[in-house]
Amino acid sequence: MAINDGGLSLSQQRQRAAFWFIAPMLAALFFVAAWPLLRTIWFSLTDTALSDLYGGEWIGFDNYLSLRVLDSGRWIWRGTLVDADWWNAVWNTVRFAFVSVFFETVLGLIVALVLNAEFKGRGLVRAAILIPWAIPTIVSAKMWAWMLNDQFGILNDIALNLGLIDQKIAWTASVDTAMYAVLMVDVWKTTPFMALLILAGLQMVPRDIYEAAKLDGINPVKVFFRITLPLIRPALAVAIIFRMLDALRIFDLVYVLTPNSKATKTMSVISRENMIDFDKFAYGAAQSTLLFAIIAIFVSLYIWLGKVDLSGEGQR
Amino acid sequence: MMIMKGRAVRATATAAMLAVFGAPVMAEELFYVSGAVGNAVEDFKTIVKPWEEATGNTVTIVPMPASTTDQFGQYRLWLAAGATDIDLYQTDVIWAPQLADHFVDLTEAAKDLAPTHFPSIIESQTVNGKLVALPLFTDAPALYYRTDLLEKYGKTPPKTWAELAETAKAIQDGERAEGKADMWGFVWQGNAYEGLTCNALEWVKSFGGGQIVEADGTISINNENAVAALEAAKSWVGTISPDGVLAYQEEEARGVWQTGNAVFMRNWPYAYTLGNGDDSAVKGLFGVTTLPVGKDGDSSAATLGGWNVAVSKYSTKQDAAVSLALYLAGPEAQKTRALIASNLPTIVALYDDPEIAEKQPIIPQWKDVFLNAVPRPSAPTLGKYNEVSAKFWSAVHNTLSGEGSAAENLELLEVELTDIKGSGW
């Protein structure tokens, strides 16, 4: 040992060893996350076409914003940043993300509290509630598409028979209800995931605090807001970040469930459409880059405003 | 004896096929990708069987979603990546200019076969002198109507769109009063995808509103007749057509129709055989006619559809693939396809074929429909066609779902198309 340490202190040696242990992970992260991201950003600054991925030429920020002055002296702005379709998609996505994550958090919390209680067959219920999360999104989206079908759908049938509606509703087709349909299916699908993450947090709460509260005769509602909620806050915060990241890049559910209309088109959908269908690969790459930037901004804001402790330092 | 005879016939057929397609060097396994609408997958297996037996090769069909827009996205990805997994692609009539670079030139291989097809269809698949794909069948939609219901209410098949709306409304109300609460007047394809471009092009054209982008490249869509056409279509949604029609593609419309819940349907010829199937509630109860017109004096318009087969440049088994393409576009396969799936042949002589005339009497009648069919503006707009089409169907979908009036949306569309056009298509 003394021969190889090259005069390094013990802690330096340990750091060096640690680096080599995490190096494979860093390399993997670079290839699956950093490289595609950097490449997308690079594409967005070129005029690359899908049929010739290596033939793009540098055009600066023209895909984002460019100004052309016509001979008549008229100014014309072009690019994603002045593209009304893009901003409509941004608005759709943000609206979807906030509403879906809100409902998933509230419902997930309720489900987690129920599952945290002691009752017979708890293991079975815990497993069963995960089923919506385990079904691939494409499959559940197709399944819901049939259930929501205007003519043959079971939801319309039930609602008609119960007298809730007086004529069949075209859930996924109508501009007014398409977004609700997407939200409903997403909440159905993702609440179990939220519940599971919150349940994990709940189980970290020491039981003796509850016993002490009980002995002191504290109202259960007060117990929830003064003990449970503050103690699961870190777990809740992380769960919300995960869901937010996921919701902001929603693609499959919208693409399969609804017609590709303005009412539900999200950032991912519009970026794919440009890249593949319209052969505007670089333009789509610019939109993907903006999508990344928007997600990054949201998460940073959330962490900063919520003082979420991702490093785990505060737990020591 | 019978068996012997059957064998002898098959042996002769095989020998004949060998003479045509050349002796197999080695049994190849080919992959053929195609959208799956109706019975497409089963029908394909029936059609390709004689070729498999004659050459010893096998063909695996890779089914794709029914939406042509989805198919195109996937094909473009595979082709851009130079994927060798797929040897043959079934392509829509409008794709040739956009995908030409990725397919093998079939001019030489099909020099005997091509002249037997309708020249206009061969021309649509020729890009800069290169024959990109061989036609399998052509498509032109028609108006399906319920003969029993029209008779019951003493109506005739409508000549104009206004007549259609009126007849549909009368029958729909009458049937509902008799307890058929699910009855609708008219179903069509209103989802925001390529199919809506086809539907809306028919309305606009039959109202005398041009064809979006004219053959010389002029953008003609923003005009009074087109506005009138879209306003008429908008008035159907929720009255004679279910609100859900805005999410319907071909198969959803056929679902409503084939369960007996619609008086009229706009659809392609494939629905004819399926509608007469044993599991169909409308078997023998419907007829087919040309789509209505805007007003007397206008001419009916049917969007030219149709599917073709192209050989991938990246295929490692090109000889076998070209041989299969020639067979699929040839008279034998086209005849089988006409008989089992009521797909319209592209070989001129088949319209005089007695067997087809007997078993699918609708096909010879359809010749006139598609000879006058309107092409989508894929030729003048070249590589930008998809974007043009998407802008058009979005404008139409917005109008139909009440997001802005037809006049506003078409005015906006004109600006957008002008932007896309730039200095030229």
# chains A, B, ... in the order shown; residues from 1 in each chain; ligands from 1
$ interface_residues --of "chain A" --to "chain B" --cutoff "7 Å" --atoms "only C-alpha atoms" --output "MDAnalysis selection string"
chainID A and resid 50:51 150 170 172:175 259:261 276:278
$ write_last_selection --atoms "N, CA and C atoms" --output "PDB file, in the first residue's frame"
ATOM      1  N   LEU A  50     -34.442  15.431 -41.137  1.00  0.00           N
ATOM      2  CA  LEU A  50     -34.454  14.061 -40.648  1.00  0.00           C
ATOM      3  C   LEU A  50     -33.764  13.106 -41.617  1.00  0.00           C
ATOM      4  N   SER A  51     -33.891  13.380 -42.907  1.00  0.00           N
ATOM      5  CA  SER A  51     -33.326  12.451 -43.882  1.00  0.00           C
ATOM      6  C   SER A  51     -31.814  12.597 -43.998  1.00  0.00           C
ATOM      7  N   ASP A 150     -68.070   7.833 -27.711  1.00  0.00           N
ATOM      8  CA  ASP A 150     -69.368   8.509 -27.605  1.00  0.00           C
ATOM      9  C   ASP A 150     -70.550   7.589 -27.869  1.00  0.00           C
ATOM     10  N   ALA A 170     -69.429  13.342 -26.325  1.00  0.00           N
ATOM     11  CA  ALA A 170     -68.235  12.918 -27.052  1.00  0.00           C
ATOM     12  C   ALA A 170     -67.012  13.373 -26.268  1.00  0.00           C
ATOM     13  N   THR A 172     -63.777  12.570 -25.788  1.00  0.00           N
ATOM     14  CA  THR A 172     -62.440  12.871 -26.301  1.00  0.00           C
ATOM     15  C   THR A 172     -62.473  13.780 -27.518  1.00  0.00           C
ATOM     16  N   ALA A 173     -63.622  13.880 -28.184  1.00  0.00           N
ATOM     17  CA  ALA A 173     -63.675  14.656 -29.424  1.00  0.00           C
ATOM     18  C   ALA A 173     -63.975  16.118 -29.168  1.00  0.00           C
ATOM     19  N   SER A 174     -64.847  16.384 -28.207  1.00  0.00           N
ATOM     20  CA  SER A 174     -65.276  17.752 -28.001  1.00  0.00           C
ATOM     21  C   SER A 174     -64.157  18.578 -27.366  1.00  0.00           C
ATOM     22  N   VAL A 175     -63.999  19.786 -27.870  1.00  0.00           N
ATOM     23  CA  VAL A 175     -62.944  20.660 -27.368  1.00  0.00           C
ATOM     24  C   VAL A 175     -63.123  20.941 -25.874  1.00  0.00           C
ATOM     25  N   PRO A 259     -58.134  13.297 -30.449  1.00  0.00           N
ATOM     26  CA  PRO A 259     -57.710  13.710 -31.783  1.00  0.00           C
ATOM     27  C   PRO A 259     -56.643  14.781 -31.605  1.00  0.00           C
ATOM     28  N   ASN A 260     -55.813  14.889 -32.598  1.00  0.00           N
ATOM     29  CA  ASN A 260     -54.665  15.763 -32.476  1.00  0.00           C
ATOM     30  C   ASN A 260     -55.063  17.223 -32.594  1.00  0.00           C
ATOM     31  N   SER A 261     -55.948  17.680 -31.723  1.00  0.00           N
ATOM     32  CA  SER A 261     -56.473  19.022 -31.927  1.00  0.00           C
ATOM     33  C   SER A 261     -55.813  20.010 -30.990  1.00  0.00           C
ATOM     34  N   ILE A 276     -40.939  14.801 -37.060  1.00  0.00           N
ATOM     35  CA  ILE A 276     -41.177  13.636 -37.902  1.00  0.00           C
ATOM     36  C   ILE A 276     -42.139  13.948 -39.049  1.00  0.00           C
ATOM     37  N   ASP A 277     -43.326  14.424 -38.718  1.00  0.00           N
ATOM     38  CA  ASP A 277     -44.348  14.568 -39.748  1.00  0.00           C
ATOM     39  C   ASP A 277     -44.038  15.687 -40.735  1.00  0.00           C
ATOM     40  N   PHE A 278     -43.536  16.808 -40.227  1.00  0.00           N
ATOM     41  CA  PHE A 278     -43.360  17.965 -41.100  1.00  0.00           C
ATOM     42  C   PHE A 278     -41.947  18.083 -41.655  1.00  0.00           C
TER      43      PHE A 278
END
$ select_by_dssp --residues "stretch 74-185 of chain A" --states "strand (DSSP E)" --output "list in words"
Trp75, Ile76, Trp77 and Arg78 of chain A
$ closest_residue --among "A:Leu8, A:Ile59, A:Ala17, A:Leu236" --to "A:Leu202" --atoms "only C-alpha atoms"
A:Leu236
$ residues_around --residues "A:Val269" --least-positions-apart "6" --cutoff "12 Å" --atoms "only C-alpha atoms" --output "number ranges by chain"
A: 85-86, 88-90, 92-93, 248-256, 258-262, 275-277, 284, 287-288, 291
$ residues_around --residues "B:Val415" --least-positions-apart "4" --cutoff "12 Å" --atoms "only C-alpha atoms" --output "CSV table (one decimal) with C-alpha atoms, in the first residue's frame"
chain,number,residue,atom,x,y,z
B,219,ILE,CA,-53.1,29.0,-52.6
B,220,SER,CA,-56.8,29.1,-53.4
B,221,ILE,CA,-58.4,28.0,-50.1
B,222,ASN,CA,-59.6,31.4,-48.8
B,388,VAL,CA,-50.0,22.0,-45.7
B,391,LYS,CA,-52.6,23.1,-41.3
B,392,PHE,CA,-55.7,22.5,-43.5
B,395,ALA,CA,-58.3,24.9,-39.6
B,408,GLU,CA,-61.7,33.5,-39.9
B,409,ASN,CA,-60.0,30.1,-39.9
B,410,LEU,CA,-59.6,30.0,-43.7
B,411,GLU,CA,-58.2,33.6,-43.8
B,419,ASP,CA,-45.6,31.4,-44.8
B,420,ILE,CA,-45.0,27.7,-45.5
B,421,LYS,CA,-44.7,28.3,-49.2
B,422,GLY,CA,-42.2,31.0,-48.7
$ atom_distance --atom1 "atom CA of A:Met244" --atom2 "atom CA of A:Thr177"
22.5 Å
$ atom_distance --atom1 "atom CA of B:Asn128" --atom2 "atom CA of B:Ala100"
9.3 Å
